[in-house]
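Shown next: data-v2.pdb, containing PDB, C-alpha atoms, pLDDT in the B column.
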ATOM      1  CA  MET A   1     105.554 149.519 104.400  1.00 41.00           C
ATOM      2  CA  ARG A   2     104.854 145.823 103.815  1.00 38.00           C
ATOM      3  CA  GLN A   3     107.674 143.546 102.952  1.00 40.00           C
ATOM      4  CA  ARG A   4     107.300 141.193 100.050  1.00 38.00           C
ATOM      5  CA  ARG A   5     108.606 137.697 100.374  1.00 36.00           C
ATOM      6  CA  ARG A   6     110.294 136.072  97.450  1.00 37.00           C
ATOM      7  CA  TRP A   7     109.588 132.418  96.958  1.00 35.00           C
ATOM      8  CA  SER A   8     111.864 130.137  95.078  1.00 34.00           C
ATOM      9  CA  PRO A   9     110.363 127.250  93.068  1.00 38.00           C
ATOM     10  CA  GLY A  10     111.319 124.896  95.902  1.00 37.00           C
ATOM     11  CA  HIS A  11     108.960 126.660  98.315  1.00 35.00           C
ATOM     12  CA  ALA A  12     105.599 125.602  96.893  1.00 35.00           C
ATOM     13  CA  THR A  13     102.734 125.794  99.345  1.00 32.00           C
ATOM     14  CA  PHE A  14     100.336 122.965 100.132  1.00 32.00           C
ATOM     15  CA  PHE A  15      97.649 124.583  98.009  1.00 33.00           C
ATOM     16  CA  SER A  16      99.815 125.280  94.992  1.00 33.00           C
ATOM     17  CA  ARG A  17      98.437 124.414  91.594  1.00 35.00           C
ATOM     18  CA  GLU A  18     101.114 121.785  90.998  1.00 40.00           C
ATOM     19  CA  THR A  19     100.429 119.990  94.264  1.00 43.00           C
ATOM     20  CA  HIS A  20      96.652 120.123  93.915  1.00 46.00           C
ATOM     21  CA  ALA A  21      96.699 118.888  90.329  1.00 47.00           C
ATOM     22  CA  SER A  22      98.564 115.728  91.292  1.00 56.00           C
ATOM     23  CA  CYS A  23      96.199 114.736  94.145  1.00 84.00           C
ATOM     24  CA  VAL A  24      94.394 111.431  93.824  1.00 94.00           C
ATOM     25  CA  ASN A  25      90.992 110.871  95.410  1.00 97.00           C
ATOM     26  CA  VAL A  26      90.370 107.502  97.044  1.00 97.00           C
ATOM     27  CA  ARG A  27      87.849 105.640  99.160  1.00 98.00           C
ATOM     28  CA  ALA A  28      88.965 103.777 102.269  1.00 98.00           C
ATOM     29  CA  LYS A  29      86.860 101.338 104.258  1.00 98.00           C
ATOM     30  CA  VAL A  30      88.364 100.883 107.706  1.00 98.00           C
ATOM     31  CA  VAL A  31      87.414  98.623 110.598  1.00 98.00           C
ATOM     32  CA  PHE A  32      88.906  99.638 113.952  1.00 98.00           C
ATOM     33  CA  GLU A  33      89.208  97.101 116.779  1.00 98.00           C
ATOM     34  CA  GLY A  34      89.944  97.693 120.448  1.00 98.00           C
ATOM     35  CA  LEU A  35      88.373 100.041 122.972  1.00 98.00           C
ATOM     36  CA  VAL A  36      86.428 101.975 120.325  1.00 98.00           C
ATOM     37  CA  GLN A  37      82.809 101.974 121.524  1.00 98.00           C
ATOM     38  CA  GLY A  38      81.547 104.108 124.394  1.00 97.00           C
ATOM     39  CA  VAL A  39      84.527 106.485 124.141  1.00 98.00           C
ATOM     40  CA  PHE A  40      83.227 109.108 121.646  1.00 97.00           C
ATOM     41  CA  PHE A  41      85.119 107.395 118.805  1.00 98.00           C
ATOM     42  CA  ARG A  42      82.422 108.078 116.203  1.00 98.00           C
ATOM     43  CA  ALA A  43      81.922 111.731 117.199  1.00 98.00           C
ATOM     44  CA  ASN A  44      85.670 112.389 117.223  1.00 98.00           C
ATOM     45  CA  THR A  45      86.054 110.622 113.870  1.00 98.00           C
ATOM     46  CA  GLN A  46      83.297 112.778 112.403  1.00 98.00           C
ATOM     47  CA  ARG A  47      84.934 115.989 113.683  1.00 97.00           C
ATOM     48  CA  CYS A  48      88.316 114.894 112.329  1.00 97.00           C
ATOM     49  CA  ALA A  49      86.899 114.046 108.895  1.00 98.00           C
ATOM     50  CA  GLU A  50      84.974 117.307 108.685  1.00 98.00           C
ATOM     51  CA  ARG A  51      88.055 119.359 109.615  1.00 97.00           C
ATOM     52  CA  MET A  52      90.050 117.535 106.946  1.00 97.00           C
ATOM     53  CA  GLY A  53      87.385 117.983 104.270  1.00 97.00           C
ATOM     54  CA  LEU A  54      86.573 114.285 103.908  1.00 98.00           C
ATOM     55  CA  THR A  55      83.196 112.710 103.243  1.00 98.00           C
ATOM     56  CA  GLY A  56      81.780 109.326 104.269  1.00 98.00           C
ATOM     57  CA  TRP A  57      80.389 107.778 107.417  1.00 98.00           C
ATOM     58  CA  VAL A  58      81.210 105.950 110.652  1.00 98.00           C
ATOM     59  CA  ARG A  59      79.182 103.383 112.626  1.00 98.00           C
ATOM     60  CA  ASN A  60      79.388 100.919 115.491  1.00 98.00           C
ATOM     61  CA  LEU A  61      79.352  97.225 114.626  1.00 98.00           C
ATOM     62  CA  PRO A  62      77.497  94.696 116.805  1.00 98.00           C
ATOM     63  CA  ASP A  63      80.759  92.900 117.675  1.00 98.00           C
ATOM     64  CA  GLY A  64      82.302  95.963 119.379  1.00 98.00           C
ATOM     65  CA  ARG A  65      84.335  97.225 116.426  1.00 98.00           C
ATOM     66  CA  VAL A  66      83.803 100.494 114.523  1.00 98.00           C
ATOM     67  CA  GLU A  67      83.576 100.722 110.733  1.00 98.00           C
ATOM     68  CA  ALA A  68      84.227 103.894 108.739  1.00 98.00           C
ATOM     69  CA  VAL A  69      84.318 104.912 105.099  1.00 98.00           C
ATOM     70  CA  PHE A  70      86.450 107.928 104.169  1.00 98.00           C
ATOM     71  CA  GLU A  71      86.507 109.596 100.758  1.00 98.00           C
ATOM     72  CA  GLY A  72      88.871 112.358  99.697  1.00 98.00           C
ATOM     73  CA  GLU A  73      92.457 113.085  98.763  1.00 97.00           C
ATOM     74  CA  GLU A  74      94.598 110.014  99.385  1.00 96.00           C
ATOM     75  CA  ASP A  75      97.135 111.646 101.694  1.00 97.00           C
ATOM     76  CA  VAL A  76      94.375 113.283 103.764  1.00 97.00           C
ATOM     77  CA  VAL A  77      92.478 109.988 104.034  1.00 98.00           C
ATOM     78  CA  HIS A  78      95.644 108.322 105.388  1.00 97.00           C
ATOM     79  CA  GLN A  79      96.141 111.175 107.869  1.00 97.00           C
ATOM     80  CA  ALA A  80      92.579 110.735 109.147  1.00 98.00           C
ATOM     81  CA  ILE A  81      93.034 106.970 109.515  1.00 98.00           C
ATOM     82  CA  ASP A  82      96.290 107.519 111.408  1.00 98.00           C
ATOM     83  CA  TRP A  83      94.658 110.065 113.717  1.00 97.00           C
ATOM     84  CA  CYS A  84      91.732 107.727 114.393  1.00 97.00           C
ATOM     85  CA  SER A  85      94.216 104.958 115.223  1.00 97.00           C
ATOM     86  CA  THR A  86      96.522 106.934 117.514  1.00 96.00           C
ATOM     87  CA  GLY A  87      95.067 110.368 118.304  1.00 95.00           C
ATOM     88  CA  GLN A  88      91.651 109.580 119.733  1.00 95.00           C
ATOM     89  CA  PRO A  89      91.656 110.893 123.311  1.00 93.00           C
ATOM     90  CA  TYR A  90      89.782 108.006 125.011  1.00 95.00           C
ATOM     91  CA  ALA A  91      89.990 105.131 122.534  1.00 97.00           C
ATOM     92  CA  GLN A  92      92.621 102.412 122.376  1.00 97.00           C
ATOM     93  CA  VAL A  93      92.837 100.991 118.873  1.00 98.00           C
ATOM     94  CA  ARG A  94      94.525  97.570 118.870  1.00 98.00           C
ATOM     95  CA  SER A  95      94.249  96.954 115.153  1.00 97.00           C
ATOM     96  CA  LYS A  96      92.698  98.238 111.980  1.00 98.00           C
ATOM     97  CA  GLU A  97      91.822  96.749 108.605  1.00 98.00           C
ATOM     98  CA  VAL A  98      92.092  99.202 105.698  1.00 98.00           C
ATOM     99  CA  GLU A  99      90.661  98.504 102.264  1.00 98.00           C
ATOM    100  CA  LEU A 100      91.391 101.144  99.596  1.00 97.00           C
ATOM    101  CA  SER A 101      89.200 101.337  96.517  1.00 97.00           C
ATOM    102  CA  GLU A 102      88.085 103.655  93.759  1.00 97.00           C
ATOM    103  CA  PHE A 103      86.691 107.065  94.722  1.00 97.00           C
ATOM    104  CA  LYS A 104      82.904 107.069  94.204  1.00 97.00           C
ATOM    105  CA  ASP A 105      82.002 110.645  95.242  1.00 96.00           C
ATOM    106  CA  GLU A 106      78.666 109.502  96.658  1.00 95.00           C
ATOM    107  CA  PHE A 107      78.615 111.472  99.936  1.00 97.00           C
ATOM    108  CA  ASP A 108      77.859 115.141 100.629  1.00 97.00           C
ATOM    109  CA  ASP A 109      79.335 115.156 104.137  1.00 98.00           C
ATOM    110  CA  PHE A 110      80.689 112.875 106.857  1.00 98.00           C
ATOM    111  CA  SER A 111      78.011 111.392 109.108  1.00 98.00           C
ATOM    112  CA  ILE A 112      77.443 108.996 111.969  1.00 98.00           C
ATOM    113  CA  VAL A 113      75.114 106.234 110.793  1.00 97.00           C
ATOM    114  CA  PRO A 114      73.199 103.607 112.799  1.00 92.00           C
TER     115      PRO A 114
END
Kindly present the structure from the file in structure tokens form.
Amino acid sequence: MRQRRRWSPGHATFFSRETHASCVNVRAKVVFEGLVQGVFFRANTQRCAERMGLTGWVRNLPDGRVEAVFEGEEDVVHQAIDWCSTGQPYAQVRSKEVELSEFKDEFDDFSIVP
């Protein structure tokens, strides 16, 4: 026989209607500086964004930095930026510039662009 769990109002799940209804979508343009080219930064960023359900793009800049645009739920966008800054296995991010703006919903997926 299966046991039923009782949930009190304080035990809302991440995907509860109340939580989802209060989510705000944003766009973040981020420029990462440090050891970020030649270390699979773009591929790892793409995988991270796809796993998190974000859309946008990432590209190398001629000066050795990497630029990315993330669109999605604000808290998830911040999690992705944090992971890109500290969780990349081979990269060493020294600094990042983050510019938040209005969500435009112009991307279908997250891609690596030239």
Report as a PDB file with C-alpha atoms, in the frame of the given file the full result of the PyMOL selection byres ((chain A and resi 94-97) around 12) when it is applied to this structure.
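Heads up, here's the output in out.pdb:
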ATOM      1  CA  ALA A  28      88.965 103.777 102.269  1.00 98.00           C
ATOM      2  CA  LYS A  29      86.860 101.338 104.258  1.00 98.00           C
ATOM      3  CA  VAL A  30      88.364 100.883 107.706  1.00 98.00           C
ATOM      4  CA  VAL A  31      87.414  98.623 110.598  1.00 98.00           C
ATOM      5  CA  PHE A  32      88.906  99.638 113.952  1.00 98.00           C
ATOM      6  CA  GLU A  33      89.208  97.101 116.779  1.00 98.00           C
ATOM      7  CA  GLY A  34      89.944  97.693 120.448  1.00 98.00           C
ATOM      8  CA  LEU A  35      88.373 100.041 122.972  1.00 98.00           C
ATOM      9  CA  VAL A  36      86.428 101.975 120.325  1.00 98.00           C
ATOM     10  CA  ARG A  65      84.335  97.225 116.426  1.00 98.00           C
ATOM     11  CA  VAL A  66      83.803 100.494 114.523  1.00 98.00           C
ATOM     12  CA  GLU A  67      83.576 100.722 110.733  1.00 98.00           C
ATOM     13  CA  ALA A  68      84.227 103.894 108.739  1.00 98.00           C
ATOM     14  CA  VAL A  69      84.318 104.912 105.099  1.00 98.00           C
ATOM     15  CA  ILE A  81      93.034 106.970 109.515  1.00 98.00           C
ATOM     16  CA  ASP A  82      96.290 107.519 111.408  1.00 98.00           C
ATOM     17  CA  CYS A  84      91.732 107.727 114.393  1.00 97.00           C
ATOM     18  CA  SER A  85      94.216 104.958 115.223  1.00 97.00           C
ATOM     19  CA  THR A  86      96.522 106.934 117.514  1.00 96.00           C
ATOM     20  CA  ALA A  91      89.990 105.131 122.534  1.00 97.00           C
ATOM     21  CA  GLN A  92      92.621 102.412 122.376  1.00 97.00           C
ATOM     22  CA  VAL A  93      92.837 100.991 118.873  1.00 98.00           C
ATOM     23  CA  VAL A  98      92.092  99.202 105.698  1.00 98.00           C
ATOM     24  CA  GLU A  99      90.661  98.504 102.264  1.00 98.00           C
ATOM     25  CA  LEU A 100      91.391 101.144  99.596  1.00 97.00           C
TER      26      LEU A 100
END
Ground truth for the PyMOL selection byres ((chain A and resi 27) around 6), written as a PyMOL selection string = chain A and resi 26+28+70-71+100-103
In the coordinates of the file, take the point (88.4, 113.6, 108.1) and a cut-off of 9 Å; then, counting all atoms listed in the file, name each qualifying protein, DNA or RNA residue as a list in words.
-> Thr45, Gln46, Arg47, Cys48, Ala49, Glu50, Arg51, Met52, Gly53, Leu54, Thr55, Gly56, Phe70, Glu71, Gly72, Val76, Val77, Gln79, Ala80, Ile81 and Phe110 of chain A
Saved selection, atoms kept: C-alpha atoms, as a PDB file, keeping the file's coordinate frame:
ATOM      1  CA  THR A  45      86.054 110.622 113.870  1.00 98.00           C
ATOM      2  CA  GLN A  46      83.297 112.778 112.403  1.00 98.00           C
ATOM      3  CA  ARG A  47      84.934 115.989 113.683  1.00 97.00           C
ATOM      4  CA  CYS A  48      88.316 114.894 112.329  1.00 97.00           C
ATOM      5  CA  ALA A  49      86.899 114.046 108.895  1.00 98.00           C
ATOM      6  CA  GLU A  50      84.974 117.307 108.685  1.00 98.00           C
ATOM      7  CA  ARG A  51      88.055 119.359 109.615  1.00 97.00           C
ATOM      8  CA  MET A  52      90.050 117.535 106.946  1.00 97.00           C
ATOM      9  CA  GLY A  53      87.385 117.983 104.270  1.00 97.00           C
ATOM     10  CA  LEU A  54      86.573 114.285 103.908  1.00 98.00           C
ATOM     11  CA  THR A  55      83.196 112.710 103.243  1.00 98.00           C
ATOM     12  CA  GLY A  56      81.780 109.326 104.269  1.00 98.00           C
ATOM     13  CA  PHE A  70      86.450 107.928 104.169  1.00 98.00           C
ATOM     14  CA  GLU A  71      86.507 109.596 100.758  1.00 98.00           C
ATOM     15  CA  GLY A  72      88.871 112.358  99.697  1.00 98.00           C
ATOM     16  CA  VAL A  76      94.375 113.283 103.764  1.00 97.00           C
ATOM     17  CA  VAL A  77      92.478 109.988 104.034  1.00 98.00           C
ATOM     18  CA  GLN A  79      96.141 111.175 107.869  1.00 97.00           C
ATOM     19  CA  ALA A  80      92.579 110.735 109.147  1.00 98.00           C
ATOM     20  CA  ILE A  81      93.034 106.970 109.515  1.00 98.00           C
ATOM     21  CA  PHE A 110      80.689 112.875 106.857  1.00 98.00           C
TER      22      PHE A 110
END
One decimal, Å: what's the distance from CA of Gln37 (chain A) over to CA of Asp108 (chain A), could you say?
-> 25.2 Å
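The gap separating CA of Asn60 (chain A) from CA of Val24 (chain A) is 28.4 Å, in Å to one decimal.
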